[in-house]
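K.L.:
The file below is target.cif, mmCIF, C-alpha atoms:
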```cif
data_protein
#
loop_
_atom_site.label_atom_id
_atom_site.label_comp_id
_atom_site.auth_asym_id
_atom_site.auth_seq_id
_atom_site.Cartn_x
_atom_site.Cartn_y
_atom_site.Cartn_z
CA MET A 1 -5.06 9.43 -28.09
CA LEU A 2 -6.52 7.32 -25.32
CA ILE A 3 -3.87 6.12 -22.85
CA ARG A 4 -4.41 3.90 -19.83
CA ILE A 5 -2.15 3.95 -16.81
CA LEU A 6 -2.73 0.64 -15.08
CA GLY A 7 -4.32 1.10 -11.68
CA GLU A 8 -5.34 4.68 -12.47
CA GLY A 9 -7.64 4.44 -15.49
CA GLN A 10 -7.70 6.23 -18.83
CA PHE A 11 -6.57 9.65 -20.04
CA VAL A 12 -7.43 11.41 -23.29
CA VAL A 13 -4.16 12.95 -24.45
CA PRO A 14 -4.12 15.62 -27.18
CA ASP A 15 -2.15 14.65 -30.29
CA SER A 16 0.01 17.76 -29.87
CA GLU A 17 1.59 16.12 -26.80
CA LEU A 18 2.50 12.84 -28.48
CA ASP A 19 6.01 13.89 -29.55
CA GLU A 20 6.94 14.71 -25.98
CA ILE A 21 5.33 11.52 -24.68
CA ASN A 22 7.21 9.47 -27.26
CA ARG A 23 10.45 11.11 -26.20
CA LEU A 24 9.80 10.23 -22.53
CA ASP A 25 8.93 6.71 -23.59
CA ARG A 26 12.25 6.31 -25.41
CA GLU A 27 14.00 7.55 -22.28
CA LEU A 28 12.19 4.95 -20.23
CA GLU A 29 13.17 2.21 -22.65
CA ALA A 30 16.79 3.34 -22.45
CA ALA A 31 16.63 3.59 -18.64
CA LEU A 32 15.44 0.00 -18.44
CA LYS A 33 18.89 -0.96 -19.69
CA THR A 34 20.79 1.14 -17.13
CA SER A 35 19.98 1.59 -13.45
CA GLU A 36 17.00 1.29 -11.11
CA ASP A 37 17.24 5.03 -10.26
CA ASN A 38 17.14 6.10 -13.90
CA PHE A 39 14.28 3.76 -14.54
CA ARG A 40 12.19 5.11 -11.64
CA GLN A 41 12.78 8.70 -12.74
CA ALA A 42 11.93 7.94 -16.35
CA LEU A 43 8.72 6.10 -15.45
CA ASP A 44 7.62 8.91 -13.11
CA ALA A 45 8.33 11.49 -15.82
CA LEU A 46 6.29 9.60 -18.42
CA LEU A 47 3.31 8.96 -16.14
CA ASP A 48 3.35 12.52 -14.75
CA LYS A 49 3.24 13.86 -18.30
CA VAL A 50 0.24 11.72 -19.21
CA ARG A 51 -1.56 12.69 -16.00
CA SER A 52 -0.88 16.40 -16.45
CA VAL A 53 -1.88 16.78 -20.11
CA GLY A 54 -4.54 14.04 -20.13
CA VAL A 55 -8.24 14.49 -19.41
CA ARG A 56 -10.28 11.70 -17.85
CA PRO A 57 -13.14 10.34 -19.96
CA PRO A 58 -16.52 9.90 -18.20
CA ASP A 59 -16.62 6.78 -15.98
CA HIS A 60 -19.37 5.06 -17.96
CA GLU A 61 -17.54 5.36 -21.29
CA MET A 62 -16.06 2.15 -22.68
CA GLU A 63 -13.40 2.83 -25.27
CA GLU A 64 -10.29 0.75 -25.88
CA SER A 65 -7.00 2.47 -25.13
CA GLN A 66 -4.40 2.80 -27.87
CA VAL A 67 -1.62 2.49 -25.33
CA ILE A 68 -1.43 0.89 -21.88
CA LEU A 69 1.27 2.05 -19.48
CA PRO A 70 2.48 0.24 -16.35
CA PHE A 71 1.30 1.06 -12.84
CA ALA A 72 3.23 3.80 -11.05
CA ASP A 73 5.07 1.60 -8.53
CA ALA A 74 6.04 -1.06 -11.06
CA SER A 75 9.56 -2.39 -10.58
CA GLU A 76 11.95 -3.11 -13.40
CA ASP A 77 11.15 -6.79 -12.98
CA ASP A 78 7.42 -6.07 -13.19
CA ILE A 79 8.01 -4.28 -16.48
CA ARG A 80 10.02 -7.15 -17.91
CA ASP A 81 7.31 -9.59 -16.79
CA MET A 82 4.65 -7.42 -18.40
CA LEU A 83 6.38 -7.68 -21.73
CA THR A 84 6.26 -11.46 -21.82
CA GLU A 85 3.26 -13.62 -22.66
CA ASP A 86 2.93 -15.18 -19.21
CA GLY A 87 3.59 -11.98 -17.34
CA LEU A 88 1.66 -9.99 -14.78
CA VAL A 89 -1.62 -9.77 -16.63
CA PRO A 90 -4.00 -12.33 -15.12
CA ASP A 91 -5.26 -15.00 -17.53
CA MET B 1 5.58 3.97 -28.04
CA GLY B 2 7.17 0.79 -29.29
CA LEU B 3 7.48 -0.93 -25.95
CA TRP B 4 3.92 -0.20 -24.85
CA GLN B 5 2.26 -1.10 -28.10
CA ARG B 6 3.66 -4.57 -27.61
CA PHE B 7 2.50 -4.63 -24.03
CA THR B 8 -0.93 -3.28 -25.00
CA LEU B 9 -1.39 -6.16 -27.43
CA ILE B 10 -0.41 -8.73 -24.81
CA PHE B 11 -2.71 -7.16 -22.26
CA LYS B 12 -5.69 -7.11 -24.61
CA SER B 13 -5.24 -10.62 -25.92
CA LYS B 14 -5.26 -11.87 -22.33
CA ALA B 15 -8.27 -9.79 -21.33
CA ASN B 16 -10.23 -11.09 -24.31
CA LYS B 17 -9.24 -14.70 -23.73
CA ALA B 18 -11.34 -14.59 -20.58
CA LEU B 19 -14.50 -14.56 -22.65
CA ASP B 20 -16.12 -17.93 -23.26
CA LYS B 21 -17.61 -18.82 -26.57
CA ALA B 22 -21.17 -19.96 -26.00
CA GLU B 23 -23.66 -21.49 -28.43
CA ASP B 24 -25.78 -18.34 -28.53
CA PRO B 25 -23.42 -15.33 -28.42
CA ARG B 26 -26.05 -13.40 -26.47
CA GLU B 27 -25.50 -15.76 -23.54
CA THR B 28 -21.92 -14.55 -23.21
CA LEU B 29 -23.35 -11.16 -22.32
CA ASP B 30 -25.08 -12.51 -19.22
CA TYR B 31 -22.09 -14.63 -18.29
CA SER B 32 -19.72 -11.69 -18.60
CA TYR B 33 -22.09 -9.47 -16.61
CA GLU B 34 -22.09 -12.01 -13.77
CA LYS B 35 -18.29 -12.03 -13.85
CA GLN B 36 -18.23 -8.24 -13.79
CA LEU B 37 -20.45 -8.16 -10.71
CA GLU B 38 -18.17 -10.70 -9.02
CA LEU B 39 -15.15 -8.55 -9.78
CA LEU B 40 -16.94 -5.48 -8.43
CA GLN B 41 -17.57 -7.34 -5.17
CA LYS B 42 -13.94 -8.36 -5.09
CA VAL B 43 -12.79 -4.77 -5.55
CA ARG B 44 -15.01 -3.63 -2.68
CA ARG B 45 -13.60 -6.35 -0.45
CA GLY B 46 -10.13 -5.30 -1.59
CA VAL B 47 -10.82 -1.70 -0.57
CA ALA B 48 -11.98 -2.89 2.87
CA ASP B 49 -8.90 -5.11 3.30
CA VAL B 50 -6.53 -2.32 2.39
CA ALA B 51 -8.33 0.01 4.82
CA THR B 52 -7.97 -2.58 7.59
CA SER B 53 -4.26 -2.94 6.86
CA ARG B 54 -3.85 0.83 6.87
CA LYS B 55 -5.58 1.16 10.25
CA ARG B 56 -3.44 -1.58 11.73
CA LEU B 57 -0.32 0.21 10.52
CA GLU B 58 -1.56 3.43 12.14
CA LEU B 59 -2.04 1.62 15.44
CA GLN B 60 1.42 0.12 15.28
CA ILE B 61 3.01 3.45 14.45
CA THR B 62 1.27 4.97 17.50
CA GLN B 63 2.45 2.12 19.72
CA LEU B 64 6.02 2.41 18.51
CA GLN B 65 5.87 6.17 19.01
CA GLN B 66 4.68 5.72 22.60
CA GLN B 67 7.47 3.26 23.15
CA SER B 68 9.98 5.71 21.75
CA ASP B 69 8.71 8.48 24.05
CA LYS B 70 8.94 6.11 26.99
CA LEU B 71 12.54 5.22 26.20
CA GLU B 72 13.41 8.89 26.04
CA GLY B 73 11.90 9.39 29.50
CA GLN B 74 13.82 6.39 30.76
CA ALA B 75 17.07 7.75 29.35
CA LYS B 76 16.51 10.98 31.26
CA ALA B 77 15.68 9.12 34.47
CA ALA B 78 18.74 6.90 34.11
CA LEU B 79 21.00 9.89 33.50
CA ALA B 80 19.54 11.71 36.52
CA GLY B 81 20.36 8.61 38.57
CA GLY B 82 23.94 8.70 37.33
CA ARG B 83 23.54 5.66 35.10
CA GLU B 84 24.92 6.80 31.75
CA ASP B 85 25.26 3.20 30.57
CA LEU B 86 21.55 2.63 31.04
CA ALA B 87 20.70 5.96 29.38
CA ARG B 88 22.86 4.96 26.40
CA GLU B 89 21.08 1.61 26.15
CA ALA B 90 17.67 3.33 26.18
CA LEU B 91 18.70 5.80 23.48
CA THR B 92 20.17 3.05 21.32
CA ARG B 93 16.88 1.18 21.44
CA ARG B 94 15.06 4.40 20.71
CA SER B 95 17.04 5.02 17.53
CA GLY B 96 16.23 1.48 16.40
CA LEU B 97 12.56 2.32 16.85
CA ALA B 98 12.91 5.55 14.90
CA THR B 99 14.05 3.51 11.87
CA GLN B 100 11.07 1.17 12.24
CA ILE B 101 8.66 4.08 12.59
CA SER B 102 9.86 5.96 9.52
CA ASP B 103 9.80 2.73 7.54
CA LEU B 104 6.20 2.07 8.59
CA GLN B 105 5.28 5.64 7.71
CA VAL B 106 6.50 5.05 4.16
CA GLN B 107 4.43 1.85 4.00
CA HIS B 108 1.45 3.75 5.33
CA ALA B 109 1.70 6.44 2.65
CA GLY B 110 1.90 3.76 -0.05
CA LEU B 111 -1.12 1.95 1.33
CA ALA B 112 -3.19 5.13 1.60
CA ASP B 113 -2.36 5.88 -2.04
CA GLN B 114 -3.34 2.38 -3.10
CA GLU B 115 -6.60 2.65 -1.17
CA GLU B 116 -7.47 5.91 -2.89
CA LYS B 117 -6.79 4.40 -6.32
CA LEU B 118 -8.85 1.31 -5.56
CA VAL B 119 -11.81 3.40 -4.43
CA ALA B 120 -11.62 5.36 -7.70
CA ALA B 121 -11.24 2.11 -9.69
CA SER B 122 -14.28 0.65 -7.99
CA GLN B 123 -16.35 3.73 -8.92
CA ARG B 124 -15.19 3.58 -12.55
CA LEU B 125 -15.90 -0.12 -12.75
CA GLN B 126 -19.35 0.31 -11.25
CA ALA B 127 -20.24 2.96 -13.85
CA LYS B 128 -18.97 0.73 -16.68
CA VAL B 129 -20.74 -2.38 -15.41
CA GLU B 130 -23.93 -0.36 -15.25
CA ALA B 131 -23.41 0.87 -18.83
CA PHE B 132 -22.65 -2.69 -19.95
CA ARG B 133 -25.90 -3.92 -18.41
CA THR B 134 -27.91 -1.36 -20.39
CA LYS B 135 -26.07 -2.24 -23.60
CA LYS B 136 -26.55 -5.95 -22.97
CA GLU B 137 -30.33 -5.59 -22.53
CA THR B 138 -30.56 -3.50 -25.70
CA ILE B 139 -28.60 -6.07 -27.71
CA LYS B 140 -30.68 -8.96 -26.40
CA ALA B 141 -33.93 -7.13 -27.18
CA THR B 142 -32.89 -5.83 -30.60
CA TYR B 143 -30.72 -8.40 -32.37
CA SER B 144 -31.04 -12.03 -33.34
CA ALA B 145 -28.29 -14.46 -32.37
CA ALA B 146 -26.88 -14.20 -35.89
CA GLU B 147 -26.82 -10.43 -35.91
CA ALA B 148 -25.65 -9.91 -32.37
CA GLN B 149 -21.98 -10.94 -32.63
CA THR B 150 -20.55 -7.63 -33.86
CA LYS B 151 -22.47 -5.62 -31.29
CA ILE B 152 -21.37 -8.02 -28.57
CA ASN B 153 -17.73 -7.73 -29.59
CA GLU B 154 -18.09 -3.95 -29.36
CA ALA B 155 -19.65 -4.17 -25.90
CA PHE B 156 -16.89 -6.47 -24.69
CA SER B 157 -13.94 -4.66 -26.18
CA GLY B 158 -14.40 -1.56 -24.07
CA ILE B 159 -15.01 -3.20 -20.75
CA SER B 160 -12.56 -6.10 -20.99
CA GLU B 161 -9.62 -3.73 -20.72
CA GLU B 162 -11.10 -2.18 -17.58
CA LEU B 163 -11.69 -5.65 -16.13
CA GLY B 164 -8.11 -6.65 -16.82
CA ASP B 165 -6.79 -3.49 -15.20
CA VAL B 166 -8.96 -3.80 -12.10
CA GLY B 167 -8.15 -7.51 -11.83
CA MET B 168 -4.46 -6.67 -11.74
CA ALA B 169 -4.94 -3.87 -9.23
CA ILE B 170 -6.81 -6.20 -6.89
CA GLN B 171 -4.14 -8.87 -7.23
CA ARG B 172 -1.46 -6.36 -6.31
CA ALA B 173 -3.48 -5.03 -3.37
CA GLU B 174 -3.86 -8.59 -2.06
CA ASP B 175 -0.13 -9.25 -2.39
CA LYS B 176 0.64 -6.02 -0.59
CA THR B 177 -1.75 -6.59 2.32
CA ALA B 178 -0.47 -10.16 2.72
CA GLN B 179 3.09 -8.82 2.91
CA LEU B 180 2.11 -6.18 5.44
CA GLN B 181 0.21 -8.71 7.49
CA ALA B 182 3.29 -10.88 7.86
CA ARG B 183 5.34 -7.86 8.77
CA GLY B 184 2.71 -6.49 11.16
CA GLN B 185 2.65 -9.81 12.93
CA ALA B 186 6.41 -9.66 13.39
CA ILE B 187 6.10 -6.23 14.99
CA ASP B 188 3.27 -7.39 17.25
CA GLU B 189 5.40 -10.32 18.35
CA LEU B 190 8.34 -8.02 18.96
CA LEU B 191 6.14 -5.73 21.06
CA ALA B 192 4.76 -8.68 23.00
CA SER B 193 8.15 -10.27 23.66
CA GLY B 194 9.29 -7.15 25.49
CA ALA B 195 12.10 -6.57 23.03
CA LEU B 196 10.37 -3.32 22.21
CA ASP B 197 8.47 -3.30 25.50
CA ASP B 198 4.73 -3.47 25.66
CA PRO B 199 3.03 -0.07 25.84
CA THR B 200 0.15 -1.66 27.75
CA GLY B 201 2.68 -2.20 30.56
CA THR B 202 1.94 -5.90 31.08
CA SER B 203 5.54 -6.96 30.55
CA LYS B 204 8.65 -5.09 31.59
CA ASP B 205 11.85 -4.59 29.65
CA SER B 206 15.31 -4.68 31.16
CA ILE B 207 15.65 -0.88 31.31
CA THR B 208 12.41 -0.53 33.25
CA LEU B 209 13.52 -3.27 35.65
CA GLU B 210 16.89 -1.63 36.18
CA LEU B 211 15.32 1.79 36.79
CA GLU B 212 12.96 0.20 39.29
CA ARG B 213 15.86 -1.47 41.05
CA MET B 214 17.59 1.91 41.23
CA ALA B 215 14.46 3.56 42.57
CA SER B 216 13.77 0.89 45.17
CA GLY B 217 17.45 0.92 46.14
CA ASN B 218 17.25 4.65 46.81
CA ASP B 219 14.03 4.06 48.66
CA VAL B 220 15.67 1.49 50.97
CA GLU B 221 18.56 3.86 51.66
CA ALA B 222 16.14 6.64 52.53
CA GLN B 223 14.17 4.39 54.88
CA LEU B 224 17.34 3.17 56.58
CA ALA B 225 18.44 6.75 57.09
CA ALA B 226 15.06 7.66 58.56
CA MET B 227 15.17 4.69 60.93
CA LYS B 228 18.67 5.54 62.10
CA THR B 229 17.51 9.05 62.85
CA GLN B 230 14.52 7.75 64.82
CA ILE B 231 16.59 5.29 66.90
CA GLY B 232 19.28 7.83 67.64
CA GLY B 233 16.69 10.52 68.30
CA ALA B 234 15.09 8.55 71.18
CA ASP B 235 18.14 9.38 73.35
CA ALA B 236 19.47 12.62 72.03
CA ALA B 237 17.50 13.78 69.05
CA PRO B 238 18.69 17.39 68.78
CA ALA B 239 22.37 16.45 68.93
CA ILE B 240 22.17 13.74 66.26
CA GLU B 241 19.95 15.74 63.98
CA SER B 242 22.52 18.47 63.74
CA ALA B 243 25.51 16.09 63.72
CA PRO B 244 26.97 15.26 60.31
CA THR B 245 26.59 11.57 59.41
CA SER B 246 28.78 9.88 56.90
CA ASP B 247 26.45 7.15 55.65
CA GLN B 248 23.30 9.14 55.04
CA ASN B 249 22.20 9.62 51.51
CA PRO B 250 20.86 13.16 51.03
CA ALA B 251 18.67 11.91 48.22
#
```
Show the structure stored in the file as structure tokens.
P.N.:
Amino acid sequence: MLIRILGEGQFVVPDSELDEINRLDRELEAALKTSEDNFRQALDALLDKVRSVGVRPPDHEMEESQVILPFADASEDDIRDMLTEDGLVPD
Amino acid sequence: MGLWQRFTLIFKSKANKALDKAEDPRETLDYSYEKQLELLQKVRRGVADVATSRKRLELQITQLQQQSDKLEGQAKAALAGGREDLAREALTRRSGLATQISDLQVQHAGLADQEEKLVAASQRLQAKVEAFRTKKETIKATYSAAEAQTKINEAFSGISEELGDVGMAIQRAEDKTAQLQARGQAIDELLASGALDDPTGTSKDSITLELERMASGNDVEAQLAAMKTQIGGADAAPAIESAPTSDQNPA
């Protein structure tokens, strides 16, 4: 699976890792509803996982990602903005 | 990845919206290529701006550090002169500086990280823009306007995501450097006003002034003592020299 972390580029992640990545993603979603500290930890855990198991495709390759993840220093507000139509993504 | 599939869709629909529909779809290739080159320029400027901000932060950290060292020296001098109140004041200011310094060091680490990512993003974008150019020329040479659309969509789909990502990264870098600029200015003003003292030594803070008053006070006492010795010594130097005097300051 091709995953992009905004600001860092793409990672090719083996399918065998998807269960674990999905689990970390659910934790992040849950953390969004609790505290800033939980949220930061959950986002770091998810991004670290993708970085550690992912392999970077060659720079000149142009494939669409299946999943796009927020940039590492995104705040909770950034994330909420990202998930609305007129959010952070420039028009 | 429920949350991010939704976000991915939003991100892509926005990135694709940027593409104009022209009469001949092959023209959109040239138009997009121009836009890509513009963005590449923008990223390079962004990298330079972030580097400038980082260097400015480094300079300010050094200045604040010098100031902190100076206050420590002043505290010692004040204490040696029996002025604990002045020493306390110097150390209080110094601990205020320590907070500023560690805060700026955190900012500096964040900026250095951002700079590194932008440099990498600019390299990736350059490679993709180059690949897009090759693809664009092939499409224009090989396909008629009617046939070209599918190939063009393919060429766009890969790069538009990268463009959207880099566009966001640049926007965030600009926001960050603007924030730091405002803050850096505040620190420069603080340094200039003497509140933090000026390490160039052109303006003097109250602790420096007080220490100088102490020093010149001691100096006056010493001169007075020397003069008294001289005047007395004209008549009976040996006697006075050995005689204990109550008002002489041994320092």
K.L.:
Just say which residues the PyMOL selection byres ((chain A and resi 13) around 8) picks in this file, as a count of residues only.
P.N.:
13
K.L.:
Determine the residue membership of the PyMOL selection byres ((chain A and resi 31) around 12) for the file above and supply it as a compact mmCIF listing (two decimals) with C-alpha atoms, keeping the file's coordinate frame.
P.N.:
```
# COMPACT_ATOMS: atom_id res chain seq x y z
CA LEU A 24 9.80 10.23 -22.53
CA ASP A 25 8.93 6.71 -23.59
CA ARG A 26 12.25 6.31 -25.41
CA GLU A 27 14.00 7.55 -22.28
CA LEU A 28 12.19 4.95 -20.23
CA GLU A 29 13.17 2.21 -22.65
CA ALA A 30 16.79 3.34 -22.45
CA LEU A 32 15.44 0.00 -18.44
CA LYS A 33 18.89 -0.96 -19.69
CA THR A 34 20.79 1.14 -17.13
CA SER A 35 19.98 1.59 -13.45
CA GLU A 36 17.00 1.29 -11.11
CA ASP A 37 17.24 5.03 -10.26
CA ASN A 38 17.14 6.10 -13.90
CA PHE A 39 14.28 3.76 -14.54
CA ARG A 40 12.19 5.11 -11.64
CA GLN A 41 12.78 8.70 -12.74
CA ALA A 42 11.93 7.94 -16.35
CA LEU A 43 8.72 6.10 -15.45
CA ASP A 44 7.62 8.91 -13.11
CA ALA A 45 8.33 11.49 -15.82
CA LEU A 46 6.29 9.60 -18.42
CA GLU A 76 11.95 -3.11 -13.40
CA ILE A 79 8.01 -4.28 -16.48
```
K.L.:
Excluding same-chain residues fewer than 3 positions from stretch 170-182 of chain B, what lies within 12 Å of it counting all atoms listed in the file, as a VMD selection string?
P.N.:
(chain A and resid 6 to 7 71 73 to 74 78 88 to 90) or (chain B and resid 39 to 57 60 103 to 104 107 to 108 110 to 119 121 to 122 163 to 167 185 to 189)
K.L.:
Which polymer residues have any atom within 10 Å of an atom of B:Leu71, counting all atoms listed in the file, with same-chain residues fewer than 5 positions away left out, as a PyMOL selection string?
P.N.:
chain B and resi 65-66+76-77+87+89-95+97+196-197+207-208
K.L.:
List the neighbours of stretch 22-36 of chain B out to 10 Å using only C-alpha atoms; skip same-chain residues closer than 6 positions along the sequence, and give me the result as a list in words.
P.N.:
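Everything that qualifies: Lys42, Leu125, Gln126, Lys128, Val129, Glu130, Phe132, Arg133, Lys135, Lys136, Glu137, Ile139, Lys140, Tyr143, Ser144, Ala145, Ala146, Glu147, Ala148, Gln149, Thr150, Lys151, Ile152, Asn153, Ala155, Phe156, Ile159, Ser160 and Leu163 of chain B.
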K.L.:
Could you take the residues named above and write them with C-alpha atoms, as a PDB file, in the coordinates of the input?
P.N.:
```pdb
ATOM      1  CA  LYS B  42     -13.940  -8.360  -5.090  1.00  0.00           C
ATOM      2  CA  LEU B 125     -15.900  -0.120 -12.750  1.00  0.00           C
ATOM      3  CA  GLN B 126     -19.350   0.310 -11.250  1.00  0.00           C
ATOM      4  CA  LYS B 128     -18.970   0.730 -16.680  1.00  0.00           C
ATOM      5  CA  VAL B 129     -20.740  -2.380 -15.410  1.00  0.00           C
ATOM      6  CA  GLU B 130     -23.930  -0.360 -15.250  1.00  0.00           C
ATOM      7  CA  PHE B 132     -22.650  -2.690 -19.950  1.00  0.00           C
ATOM      8  CA  ARG B 133     -25.900  -3.920 -18.410  1.00  0.00           C
ATOM      9  CA  LYS B 135     -26.070  -2.240 -23.600  1.00  0.00           C
ATOM     10  CA  LYS B 136     -26.550  -5.950 -22.970  1.00  0.00           C
ATOM     11  CA  GLU B 137     -30.330  -5.590 -22.530  1.00  0.00           C
ATOM     12  CA  ILE B 139     -28.600  -6.070 -27.710  1.00  0.00           C
ATOM     13  CA  LYS B 140     -30.680  -8.960 -26.400  1.00  0.00           C
ATOM     14  CA  TYR B 143     -30.720  -8.400 -32.370  1.00  0.00           C
ATOM     15  CA  SER B 144     -31.040 -12.030 -33.340  1.00  0.00           C
ATOM     16  CA  ALA B 145     -28.290 -14.460 -32.370  1.00  0.00           C
ATOM     17  CA  ALA B 146     -26.880 -14.200 -35.890  1.00  0.00           C
ATOM     18  CA  GLU B 147     -26.820 -10.430 -35.910  1.00  0.00           C
ATOM     19  CA  ALA B 148     -25.650  -9.910 -32.370  1.00  0.00           C
ATOM     20  CA  GLN B 149     -21.980 -10.940 -32.630  1.00  0.00           C
ATOM     21  CA  THR B 150     -20.550  -7.630 -33.860  1.00  0.00           C
ATOM     22  CA  LYS B 151     -22.470  -5.620 -31.290  1.00  0.00           C
ATOM     23  CA  ILE B 152     -21.370  -8.020 -28.570  1.00  0.00           C
ATOM     24  CA  ASN B 153     -17.730  -7.730 -29.590  1.00  0.00           C
ATOM     25  CA  ALA B 155     -19.650  -4.170 -25.900  1.00  0.00           C
ATOM     26  CA  PHE B 156     -16.890  -6.470 -24.690  1.00  0.00           C
ATOM     27  CA  ILE B 159     -15.010  -3.200 -20.750  1.00  0.00           C
ATOM     28  CA  SER B 160     -12.560  -6.100 -20.990  1.00  0.00           C
ATOM     29  CA  LEU B 163     -11.690  -5.650 -16.130  1.00  0.00           C
TER      30      LEU B 163
END
```
K.L.:
Please expand the PyMOL selection byres ((chain A) within 6 of (chain B)) into the concrete residues it hits in this file, giving the result as a PyMOL selection string.
P.N.:
chain A and resi 6-7+22+59-60+62-64+67-68+83+91
K.L.:
Looking at A:Ser52, A:Leu69, A:Gln10, A:Arg4, which one is nearest to A:Met82, with distances taken over only C-alpha atoms?
P.N.:
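For A:Met82, the nearest of the candidates is A:Leu69.
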K.L.:
Could you state the separation of atom CA of B:Met227 and atom CA of B:Arg213 in Å, given to one decimal place?
P.N.:
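Atom CA of B:Arg213 lies at a distance of 20.8 Å from atom CA of B:Met227.
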K.L.:
Would you compute the distance between atom CA of B:Leu37 and atom CA of A:Ile5? Give it in Å to one decimal.
P.N.:
22.8 Å
K.L.:
Between atom CA of A:Leu47 and atom CA of B:Gln105, what is the distance, to one decimal in Å?
P.N.:
24.2 Å
